[in-house]
file model.txt (compact mmCIF, C-alpha atoms)
# COMPACT_ATOMS: atom_id res chain seq x y z
CA MET A 8 -11.97 -31.94 -11.03
CA ASN A 9 -10.69 -28.46 -11.90
CA VAL A 10 -7.24 -27.63 -13.22
CA LEU A 11 -5.95 -24.25 -12.07
CA SER A 12 -4.50 -22.40 -15.03
CA ARG A 13 -4.34 -18.88 -13.62
CA PHE A 14 -2.89 -17.47 -10.41
CA CYS A 15 -5.58 -15.61 -8.45
CA PRO A 16 -4.67 -11.87 -8.59
CA VAL A 17 -5.82 -11.25 -5.01
CA TRP A 18 -3.72 -14.11 -3.65
CA ALA A 19 -0.78 -12.99 -5.80
CA ALA A 20 -0.95 -9.50 -4.32
CA ALA A 21 -1.02 -10.85 -0.77
CA ALA A 22 1.87 -13.19 -1.43
CA LEU A 23 3.88 -10.41 -3.03
CA LEU A 24 3.35 -8.12 -0.05
CA SER A 25 4.71 -10.85 2.19
CA ALA A 26 7.74 -11.39 0.00
CA MET A 27 8.44 -7.70 -0.63
CA MET A 28 10.03 -7.33 2.81
CA PHE A 29 13.18 -8.64 1.18
CA VAL A 30 13.06 -6.03 -1.56
CA ASN A 31 12.38 -3.05 0.67
CA SER A 32 14.83 -3.99 3.42
CA ASP A 33 18.36 -2.70 3.29
CA VAL A 34 20.49 -5.29 1.52
CA ALA A 35 23.94 -5.31 3.06
CA SER A 36 26.99 -6.16 1.01
CA ALA A 37 28.84 -9.36 1.80
CA GLN A 38 31.51 -7.61 3.82
CA ASP A 39 28.84 -5.77 5.87
CA ALA A 40 26.71 -8.86 6.50
CA PRO A 41 26.08 -9.77 10.16
CA SER A 42 28.82 -11.97 11.56
CA ASP A 43 28.74 -15.24 13.47
CA LYS A 44 30.02 -13.45 16.56
CA VAL A 45 28.29 -14.95 19.60
CA VAL A 46 26.30 -12.47 21.70
CA ALA A 47 24.66 -14.96 24.10
CA THR A 48 24.21 -18.66 24.73
CA VAL A 49 21.19 -20.69 25.86
CA ASN A 50 22.12 -24.02 27.45
CA GLY A 51 25.30 -23.92 25.39
CA GLU A 52 23.48 -23.04 22.10
CA ALA A 53 24.91 -19.87 20.53
CA ILE A 54 22.97 -16.77 19.55
CA THR A 55 24.95 -14.79 16.98
CA GLU A 56 24.83 -11.32 15.45
CA ALA A 57 23.44 -12.97 12.31
CA ASP A 58 20.61 -14.44 14.40
CA LEU A 59 19.87 -10.96 15.77
CA ALA A 60 19.72 -9.46 12.26
CA LEU A 61 17.32 -12.15 11.11
CA ALA A 62 15.05 -11.78 14.14
CA ALA A 63 15.08 -7.99 13.82
CA GLN A 64 13.27 -8.30 10.48
CA ASP A 65 10.50 -10.38 12.06
CA PHE A 66 10.17 -8.22 15.16
CA ARG A 67 10.60 -4.84 13.47
CA ASP A 68 7.21 -3.46 14.56
CA THR A 69 7.61 -4.70 18.12
CA LEU A 70 11.13 -3.28 18.42
CA MET A 71 9.97 0.14 17.25
CA GLN A 72 7.71 0.31 20.31
CA LEU A 73 10.72 0.05 22.63
CA PRO A 74 13.06 2.93 23.55
CA PRO A 75 16.18 2.76 21.31
CA GLN A 76 18.45 1.90 24.24
CA GLU A 77 16.30 -1.15 25.09
CA ARG A 78 15.94 -2.67 21.60
CA LEU A 79 19.10 -4.80 21.56
CA THR A 80 18.41 -6.29 24.99
CA GLY A 81 14.78 -6.84 24.05
CA LEU A 82 15.78 -8.62 20.85
CA ILE A 83 18.25 -10.91 22.62
CA ASN A 84 15.71 -11.77 25.31
CA GLY A 85 13.11 -12.47 22.64
CA ILE A 86 15.42 -14.97 20.92
CA ILE A 87 16.28 -16.58 24.27
CA ASP A 88 12.57 -17.09 25.00
CA ILE A 89 11.99 -18.56 21.54
CA ARG A 90 14.90 -20.99 21.89
CA LEU A 91 13.79 -22.13 25.35
CA MET A 92 10.20 -22.71 24.26
CA ALA A 93 11.26 -24.42 21.03
CA ARG A 94 13.46 -26.89 22.90
CA ALA A 95 10.70 -27.46 25.46
CA ALA A 96 8.34 -28.22 22.55
CA GLU A 97 10.82 -30.78 21.19
CA VAL A 98 11.10 -32.48 24.58
CA ALA A 99 7.31 -32.55 24.87
CA GLY A 100 7.02 -34.14 21.43
CA VAL A 101 4.88 -31.33 20.04
CA GLU A 102 6.07 -32.14 16.51
CA LYS A 103 4.36 -35.52 16.72
CA ASP A 104 0.95 -33.87 16.94
CA GLU A 105 -0.67 -33.94 13.49
CA GLU A 106 -2.02 -30.38 13.64
CA ALA A 107 1.28 -29.01 14.93
CA ALA A 108 3.17 -30.83 12.18
CA ARG A 109 0.83 -29.31 9.60
CA ARG A 110 1.54 -25.81 10.92
CA LEU A 111 5.28 -26.44 10.93
CA ARG A 112 5.19 -27.62 7.32
CA PHE A 113 3.34 -24.46 6.33
CA VAL A 114 5.81 -22.21 8.18
CA ARG A 115 8.72 -24.07 6.57
CA ASP A 116 7.20 -23.71 3.11
CA ARG A 117 6.72 -19.97 3.61
CA ALA A 118 10.33 -19.57 4.73
CA LEU A 119 11.60 -21.59 1.76
CA ARG A 120 9.48 -19.51 -0.62
CA ALA A 121 11.00 -16.32 0.80
CA GLU A 122 14.53 -17.67 0.42
CA TYR A 123 13.80 -18.83 -3.13
CA LEU A 124 12.57 -15.37 -4.05
CA ARG A 125 15.56 -13.73 -2.41
CA ALA A 126 18.07 -15.93 -4.22
CA ASN A 127 16.40 -16.52 -7.58
CA VAL A 128 14.03 -13.62 -8.22
CA PHE A 129 14.66 -10.40 -6.33
CA GLY A 130 18.42 -10.71 -6.69
CA ALA A 131 17.94 -9.59 -10.30
CA ILE A 132 16.76 -6.12 -9.23
CA SER A 133 19.99 -4.30 -9.94
CA ASP A 134 20.64 -0.58 -10.32
CA GLU A 135 20.99 -1.25 -14.04
CA ALA A 136 17.52 -2.83 -14.18
CA VAL A 137 16.02 0.15 -12.36
CA LYS A 138 17.79 2.57 -14.72
CA ALA A 139 16.54 0.65 -17.77
CA LYS A 140 12.96 0.76 -16.50
CA TYR A 141 13.30 4.46 -15.69
CA ASP A 142 14.60 5.18 -19.21
CA GLU A 143 11.67 3.25 -20.69
CA GLU A 144 9.21 5.18 -18.53
CA THR A 145 10.81 8.53 -19.32
CA ALA A 146 10.79 7.84 -23.08
CA ALA A 147 7.01 7.33 -22.90
CA PHE A 148 6.42 10.40 -20.73
CA VAL A 149 4.09 12.99 -22.28
CA PRO A 150 4.18 16.47 -20.69
CA GLY A 151 0.85 17.87 -19.59
CA GLU A 152 -0.37 21.19 -18.27
CA GLU A 153 -0.38 21.88 -14.55
CA ILE A 154 -1.77 24.90 -12.81
CA ARG A 155 -1.29 26.36 -9.37
CA ALA A 156 -4.54 27.70 -8.03
CA SER A 157 -6.06 29.08 -4.87
CA HIS A 158 -9.70 28.98 -3.92
CA ILE A 159 -12.19 30.29 -1.41
CA LEU A 160 -14.94 27.82 -0.53
CA VAL A 161 -18.23 28.92 1.05
CA GLU A 162 -21.56 27.24 1.61
CA THR A 163 -23.95 29.47 -0.36
CA GLU A 164 -23.98 31.19 -3.72
CA ASP A 165 -24.88 34.52 -2.10
CA GLU A 166 -21.77 34.34 0.10
CA ALA A 167 -19.65 33.55 -2.95
CA LYS A 168 -21.10 36.45 -4.97
CA ALA A 169 -20.40 38.82 -2.08
CA ILE A 170 -16.75 37.68 -2.04
CA VAL A 171 -16.46 38.19 -5.81
CA ALA A 172 -17.77 41.74 -5.32
CA GLU A 173 -15.20 42.27 -2.56
CA LEU A 174 -12.41 41.03 -4.85
CA ASP A 175 -13.64 43.29 -7.66
CA LYS A 176 -13.12 46.22 -5.29
CA GLY A 177 -9.50 45.22 -4.69
CA GLY A 178 -9.89 42.77 -1.79
CA ASP A 179 -6.93 40.56 -0.94
CA PHE A 180 -7.67 36.99 -2.09
CA ALA A 181 -5.38 35.28 0.44
CA ALA A 182 -6.68 37.32 3.37
CA ILE A 183 -10.30 36.59 2.47
CA ALA A 184 -9.52 32.88 2.09
CA LYS A 185 -7.97 32.78 5.56
CA ASP A 186 -10.97 34.59 7.02
CA LYS A 187 -13.93 33.05 5.19
CA SER A 188 -13.05 29.78 3.42
CA ILE A 189 -14.63 26.68 4.93
CA ASP A 190 -11.80 24.61 3.44
CA LEU A 191 -9.67 25.00 6.54
CA GLY A 192 -6.65 23.20 5.10
CA SER A 193 -6.11 25.49 2.13
CA GLY A 194 -7.72 28.46 3.85
CA ALA A 195 -4.92 28.62 6.40
CA ASN A 196 -2.52 28.97 3.45
CA GLY A 197 -4.49 31.74 1.77
CA GLY A 198 -6.46 29.26 -0.31
CA ASP A 199 -3.34 27.78 -1.97
CA LEU A 200 -3.88 24.32 -3.52
CA ASP A 201 -0.37 24.04 -5.01
CA PHE A 202 0.12 22.63 -8.51
CA PHE A 203 -2.26 20.02 -9.90
CA ALA A 204 -2.92 18.40 -13.26
CA ARG A 205 -6.20 17.46 -14.90
CA GLY A 206 -8.01 14.64 -13.20
CA ARG A 207 -7.08 15.68 -9.67
CA MET A 208 -10.06 17.92 -8.90
CA VAL A 209 -13.82 17.52 -9.32
CA LYS A 210 -14.87 18.34 -12.88
CA PRO A 211 -16.71 21.68 -12.37
CA PHE A 212 -13.72 22.99 -10.41
CA GLU A 213 -11.20 21.64 -12.93
CA ASP A 214 -13.02 23.03 -15.98
CA ALA A 215 -13.26 26.49 -14.47
CA ALA A 216 -9.67 26.53 -13.19
CA PHE A 217 -8.03 25.42 -16.43
CA ALA A 218 -10.05 27.98 -18.40
CA LEU A 219 -8.62 30.90 -16.39
CA GLU A 220 -5.57 32.97 -17.27
CA VAL A 221 -2.80 33.44 -14.74
CA GLY A 222 -3.73 36.10 -12.22
CA LYS A 223 -7.48 35.91 -12.95
CA TYR A 224 -10.26 34.62 -10.71
CA THR A 225 -13.72 33.27 -11.49
CA SER A 226 -16.24 36.11 -11.71
CA THR A 227 -19.07 33.58 -11.37
CA PRO A 228 -18.99 31.21 -8.37
CA VAL A 229 -18.30 27.57 -9.28
CA LYS A 230 -20.69 25.06 -7.70
CA SER A 231 -19.51 21.61 -6.65
CA ASP A 232 -20.65 18.99 -4.14
CA PHE A 233 -18.55 20.81 -1.53
CA GLY A 234 -20.15 24.25 -1.92
CA PHE A 235 -19.35 27.33 -3.99
CA HIS A 236 -15.79 28.17 -5.05
CA ILE A 237 -14.06 31.34 -6.12
CA ILE A 238 -10.94 30.14 -7.94
CA LYS A 239 -7.79 32.10 -8.78
CA VAL A 240 -5.00 30.78 -11.01
CA VAL A 241 -1.56 31.74 -9.74
CA ASP A 242 0.74 29.96 -12.22
CA LYS A 243 0.81 27.51 -15.12
CA ARG A 244 3.52 25.14 -16.29
CA MET A 245 4.12 21.96 -18.25
CA THR A 246 4.89 18.84 -16.25
CA THR A 247 8.35 17.29 -16.35
CA ALA A 248 9.36 13.66 -15.87
CA PRO A 249 10.31 12.79 -12.28
CA THR A 250 13.97 12.16 -11.52
CA ILE A 251 15.28 8.64 -11.08
CA GLU A 252 15.85 9.43 -7.39
CA GLN A 253 12.14 10.20 -7.03
CA ARG A 254 11.07 7.03 -8.83
CA GLN A 255 13.65 4.41 -7.87
CA ASP A 256 11.80 2.91 -4.88
CA ALA A 257 8.55 2.60 -6.84
CA LEU A 258 10.41 1.18 -9.84
CA ARG A 259 12.07 -1.47 -7.69
CA GLU A 260 8.66 -2.52 -6.42
CA GLU A 261 7.27 -2.65 -9.96
CA ILE A 262 10.18 -4.80 -11.12
CA ALA A 263 9.76 -7.05 -8.08
CA LYS A 264 6.07 -7.52 -8.88
CA GLU A 265 6.84 -8.40 -12.51
CA LEU A 266 9.56 -10.89 -11.53
CA PHE A 267 7.39 -12.42 -8.81
CA LEU A 268 4.42 -13.00 -11.11
CA ALA A 269 6.68 -14.34 -13.88
CA ALA A 270 8.33 -16.79 -11.45
CA VAL A 271 4.96 -17.99 -10.17
CA GLU A 272 3.58 -18.42 -13.68
CA LYS A 273 6.67 -20.37 -14.77
CA LEU A 274 6.46 -22.73 -11.81
CA ARG A 275 2.71 -23.21 -12.23
CA SER A 276 2.97 -23.91 -15.95
CA ALA A 277 5.43 -26.72 -15.22
CA ALA A 278 3.34 -28.21 -12.42
CA GLU A 279 0.35 -30.51 -12.38
CA ILE A 280 -2.21 -28.72 -10.25
CA GLU A 281 -5.66 -30.04 -9.49
CA LEU A 282 -8.30 -28.38 -7.37
CA ILE A 283 -10.68 -30.77 -5.71
CA ALA A 284 -13.41 -28.28 -4.93
CA PRO A 285 -15.43 -28.92 -1.77
CA GLU A 286 -19.20 -29.05 -2.05
CA PRO A 287 -20.65 -25.57 -1.47
CA ALA A 288 -22.23 -25.20 1.93
CA PRO A 289 -26.00 -24.75 1.89
CA GLU A 290 -27.05 -21.15 2.36
CA THR A 291 -28.32 -20.36 5.83
CA PRO A 292 -31.48 -18.26 5.63
CA SER A 293 -31.34 -14.89 7.36
CA PRO A 294 -33.26 -14.73 10.65
CA ASP A 295 -35.21 -11.81 9.17
CA ALA A 296 -36.03 -13.61 5.92
CA PRO A 297 -39.72 -14.41 5.46
CA ALA A 298 -40.56 -18.08 5.68
CA GLU A 299 -41.42 -19.80 2.44
CA ASN A 300 -45.14 -20.41 1.90
CA PRO A 301 -45.93 -24.08 2.63
CA PRO A 302 -47.46 -26.05 -0.22
CA ALA A 303 -51.20 -25.78 -0.37
CA ALA A 304 -52.86 -28.64 1.46
CA GLU A 305 -54.88 -31.05 -0.62
CA PRO A 306 -58.59 -31.01 0.17
CA ALA A 307 -59.65 -33.62 2.64
CA PRO A 308 -61.53 -36.53 1.10
CA GLN A 309 -65.31 -36.17 1.35
call {"tool": "encode", "arguments": {"input": "model.txt", "output": "structure tokens"}}
result
Amino acid sequence: MNVLSRFCPVWAAAALLSAMMFVNSDVASAQDAPSDKVVATVNGEAITEADLALAAQDFRDTLMQLPPQERLTGLINGIIDIRLMARAAEVAGVEKDEEAARRLRFVRDRALRAEYLRANVFGAISDEAVKAKYDEETAAFVPGEEIRASHILVETEDEAKAIVAELDKGGDFAAIAKDKSIDLGSGANGGDLDFFARGRMVKPFEDAAFALEVGKYTSTPVKSDFGFHIIKVVDKRMTTAPTIEQRQDALREEIAKELFLAAVEKLRSAAEIELIAPEPAPETPSPDAPAENPPAAEPAPQ
């Protein structure tokens, strides 16, 4: 008998992803919430605007595959089909089947979990909470050096040395990058790699780039796993903290994760949980595995 004292991180991550749909979706204010206005009926049973809004969350990916002018009709028809099949299942007594009942219990539990999180956990993610977390993050921010560099990447050292010689004679770095660099992405932009901090590039490249002064290029080609680089530093600056507008979505997700894990831990600590582990299945030998040597036969009696 094993008592579970910790929540499996992998399972927690999966559960959080499922629940996060309520954090990332647009939360309407009470006055903007979908109404109970009836948009269709099925055998006298109403389908309301609120039903449409709820179904739209579930069918978001499917709806995006339809032309915009067909989405509302498609959503209504989808709900009609669900209602018809659900009532047919009730008439057929599907709920009495043990396996079906097990699935329904699981679906109900998932829905209740989502509503619990919406009402008791994620509702605490206010603008004030995001601002407080942003202020905490900003207070701990340490500026670091960033450089903006361009490079020309070629396959051989001889090619790289020839390009250095061409640059020494006044060659245009951007034009040569467009013509000769095998890094097609940056080459099309004259070799420009934009700004980057330490830790973003492979070490030989990074060491050489950060050692250069603005406007200078490497006189000796820099070898990496990708080939040989000629690197030019265009600008240097110190990093600044991102704005709250840039960070607010990520901060909301971080707060949601913290609240989710705290809620799970609180509920688990108050519960009696036992894991009755099944016996491990015997390992099936690989078809290619050599057969074990049989025990040596005893000598026959003389």
call {"tool": "closest_residue", "arguments": {"input": "model.txt", "among": "A:Val49, A:Ala62, A:Ala108, A:Ile283", "to": "Met92 (chain A)", "atoms": "only C-alpha atoms"}}
result
A:Val49
call {"tool": "residues_around", "arguments": {"input": "model.txt", "residues": "Ala136 (chain A)", "least_positions_apart": "3", "cutoff": "12 Å", "atoms": "all atoms listed in the file", "output": "list in words"}}
result
Phe129, Gly130, Ala131, Ile132, Ser133, Ala139, Lys140, Tyr141, Asp142, Glu143, Gln255, Leu258, Arg259, Glu260, Glu261, Ile262, Ala263 and Leu266 of chain A
call {"tool": "atom_distance", "arguments": {"input": "model.txt", "atom1": "CA of Ser42 (chain A)", "atom2": "CA of Ala57 (chain A)"}}
result
5.5 Å
call {"tool": "atom_distance", "arguments": {"input": "model.txt", "atom1": "CA of Val161 (chain A)", "atom2": "CA of Arg244 (chain A)"}}
result
28.1 Å
call {"tool": "closest_residue", "arguments": {"input": "model.txt", "among": "A:Glu173, A:Glu162, A:Glu56, A:Asp68", "to": "Ser188 (chain A)", "atoms": "all atoms listed in the file"}}
result
A:Glu162
call {"tool": "residues_around", "arguments": {"input": "model.txt", "residues": "Ala53 (chain A)", "least_positions_apart": "4", "cutoff": "12 Å", "atoms": "all atoms listed in the file", "output": "list in words"}}
result
Asp43, Lys44, Val45, Val46, Ala47, Thr48, Val49, Ala57, Asp58, Leu59, Ile83, Ile86, Ile87 and Arg90 of chain A
call {"tool": "atom_distance", "arguments": {"input": "model.txt", "atom1": "CA of Ala99 (chain A)", "atom2": "CA of Gly85 (chain A)"}}
result
21.0 Å
call {"tool": "residues_around", "arguments": {"input": "model.txt", "residues": "region 218-228 of chain A", "least_positions_apart": "5", "cutoff": "8 Å", "atoms": "only C-alpha atoms", "output": "list in words"}}
result
Glu164, Ala167, Lys168, Val171, Phe235, His236, Ile237, Ile238, Lys239, Val240, Val241, Asp242 and Lys243 of chain A
call {"tool": "closest_residue", "arguments": {"input": "model.txt", "among": "A:Val128, A:Leu70, A:Ile189, A:Leu79", "to": "Lys264 (chain A)", "atoms": "all atoms listed in the file"}}
result
A:Val128
call {"tool": "closest_atom_pairs", "arguments": {"input": "model.txt", "of": "region 104-181 of chain A", "to": "region 269-281 of chain A", "cutoff": "12 Å", "atoms": "only C-alpha atoms", "output": "tab-separated table"}}
result
residue	atom	partner	partner_atom	distance
A:Arg120	CA	A:Val271	CA	10.7
A:Tyr123	CA	A:Ala270	CA	10.2
A:Leu124	CA	A:Ala270	CA	8.6
A:Arg125	CA	A:Ala270	CA	12.0
A:Asn127	CA	A:Ala270	CA	9.0
A:Val128	CA	A:Ala270	CA	7.3
A:Phe129	CA	A:Ala270	CA	10.3
call {"tool": "closest_residue", "arguments": {"input": "model.txt", "among": "A:Thr80, A:Arg110, A:Lys210, A:Glu52", "to": "Arg94 (chain A)", "atoms": "all atoms listed in the file"}}
result
A:Glu52
call {"tool": "residues_near_point", "arguments": {"input": "model.txt", "point": "(2.0, 21.9, -9.4)", "cutoff": "8 Å", "atoms": "only C-alpha atoms", "output": "ChimeraX atom specification"}}
result
/A:153-155,201-204,244
call {"tool": "build_atoms", "arguments": {"input": "model.txt", "residues": "region 202-235 of chain A", "atoms": "N, CA and C atoms", "output": "CSV table (one decimal), keeping the file's coordinate frame"}}
result
chain,number,residue,atom,x,y,z
A,202,PHE,N,0.3,23.0,-7.1
A,202,PHE,CA,0.1,22.6,-8.5
A,202,PHE,C,-0.7,21.3,-8.6
A,203,PHE,N,-1.5,21.3,-9.6
A,203,PHE,CA,-2.3,20.0,-9.9
A,203,PHE,C,-2.5,19.9,-11.4
A,204,ALA,N,-2.6,18.7,-11.9
A,204,ALA,CA,-2.9,18.4,-13.3
A,204,ALA,C,-4.4,18.0,-13.4
A,205,ARG,N,-4.8,17.9,-14.6
A,205,ARG,CA,-6.2,17.5,-14.9
A,205,ARG,C,-6.4,16.1,-14.3
A,206,GLY,N,-7.7,15.9,-13.8
A,206,GLY,CA,-8.0,14.6,-13.2
A,206,GLY,C,-7.9,14.6,-11.7
A,207,ARG,N,-7.3,15.7,-11.1
A,207,ARG,CA,-7.1,15.7,-9.7
A,207,ARG,C,-8.2,16.3,-8.9
A,208,MET,N,-9.0,17.2,-9.6
A,208,MET,CA,-10.1,17.9,-8.9
A,208,MET,C,-11.4,17.5,-9.5
A,209,VAL,N,-12.5,17.8,-8.8
A,209,VAL,CA,-13.8,17.5,-9.3
A,209,VAL,C,-14.0,18.3,-10.6
A,210,LYS,N,-14.8,17.8,-11.5
A,210,LYS,CA,-14.9,18.3,-12.9
A,210,LYS,C,-15.3,19.8,-13.0
A,211,PRO,N,-16.3,20.3,-12.3
A,211,PRO,CA,-16.7,21.7,-12.4
A,211,PRO,C,-15.6,22.6,-11.9
A,212,PHE,N,-14.9,22.2,-10.9
A,212,PHE,CA,-13.7,23.0,-10.4
A,212,PHE,C,-12.6,23.0,-11.5
A,213,GLU,N,-12.3,21.8,-12.0
A,213,GLU,CA,-11.2,21.6,-12.9
A,213,GLU,C,-11.5,22.4,-14.2
A,214,ASP,N,-12.7,22.3,-14.7
A,214,ASP,CA,-13.0,23.0,-16.0
A,214,ASP,C,-12.9,24.5,-15.8
A,215,ALA,N,-13.3,25.1,-14.7
A,215,ALA,CA,-13.3,26.5,-14.5
A,215,ALA,C,-11.8,26.9,-14.3
A,216,ALA,N,-11.0,26.2,-13.5
A,216,ALA,CA,-9.7,26.5,-13.2
A,216,ALA,C,-8.8,26.5,-14.4
A,217,PHE,N,-8.9,25.5,-15.3
A,217,PHE,CA,-8.0,25.4,-16.4
A,217,PHE,C,-8.4,26.4,-17.5
A,218,ALA,N,-9.6,27.0,-17.4
A,218,ALA,CA,-10.0,28.0,-18.4
A,218,ALA,C,-9.6,29.4,-18.0
A,219,LEU,N,-9.1,29.6,-16.8
A,219,LEU,CA,-8.6,30.9,-16.4
A,219,LEU,C,-7.2,31.2,-16.9
A,220,GLU,N,-6.9,32.5,-17.0
A,220,GLU,CA,-5.6,33.0,-17.3
A,220,GLU,C,-4.9,33.2,-15.9
A,221,VAL,N,-3.6,33.2,-16.0
A,221,VAL,CA,-2.8,33.4,-14.7
A,221,VAL,C,-3.1,34.8,-14.2
A,222,GLY,N,-3.4,34.9,-12.9
A,222,GLY,CA,-3.7,36.1,-12.2
A,222,GLY,C,-5.2,36.4,-12.2
A,223,LYS,N,-6.0,35.7,-12.9
A,223,LYS,CA,-7.5,35.9,-13.0
A,223,LYS,C,-8.2,35.0,-12.0
A,224,TYR,N,-9.4,35.4,-11.6
A,224,TYR,CA,-10.3,34.6,-10.7
A,224,TYR,C,-11.6,34.5,-11.3
A,225,THR,N,-12.4,33.5,-10.9
A,225,THR,CA,-13.7,33.3,-11.5
A,225,THR,C,-14.7,34.4,-11.1
A,226,SER,N,-15.3,35.0,-12.0
A,226,SER,CA,-16.2,36.1,-11.7
A,226,SER,C,-17.6,35.5,-11.3
A,227,THR,N,-17.8,34.3,-11.7
A,227,THR,CA,-19.1,33.6,-11.4
A,227,THR,C,-18.7,32.4,-10.5
A,228,PRO,N,-19.3,32.3,-9.3
A,228,PRO,CA,-19.0,31.2,-8.4
A,228,PRO,C,-19.2,29.8,-9.0
A,229,VAL,N,-18.3,28.9,-8.7
A,229,VAL,CA,-18.3,27.6,-9.3
A,229,VAL,C,-18.9,26.6,-8.2
A,230,LYS,N,-20.0,26.0,-8.6
A,230,LYS,CA,-20.7,25.1,-7.7
A,230,LYS,C,-20.1,23.6,-7.8
A,231,SER,N,-19.9,23.0,-6.7
A,231,SER,CA,-19.5,21.6,-6.6
A,231,SER,C,-20.2,21.0,-5.5
A,232,ASP,N,-20.0,19.7,-5.3
A,232,ASP,CA,-20.6,19.0,-4.1
A,232,ASP,C,-20.2,19.5,-2.8
A,233,PHE,N,-19.1,20.3,-2.8
A,233,PHE,CA,-18.6,20.8,-1.5
A,233,PHE,C,-19.1,22.2,-1.2
A,234,GLY,N,-19.7,22.9,-2.1
A,234,GLY,CA,-20.2,24.2,-1.9
A,234,GLY,C,-19.9,25.1,-3.1
A,235,PHE,N,-19.6,26.4,-2.9
A,235,PHE,CA,-19.4,27.3,-4.0
A,235,PHE,C,-17.9,27.9,-3.9
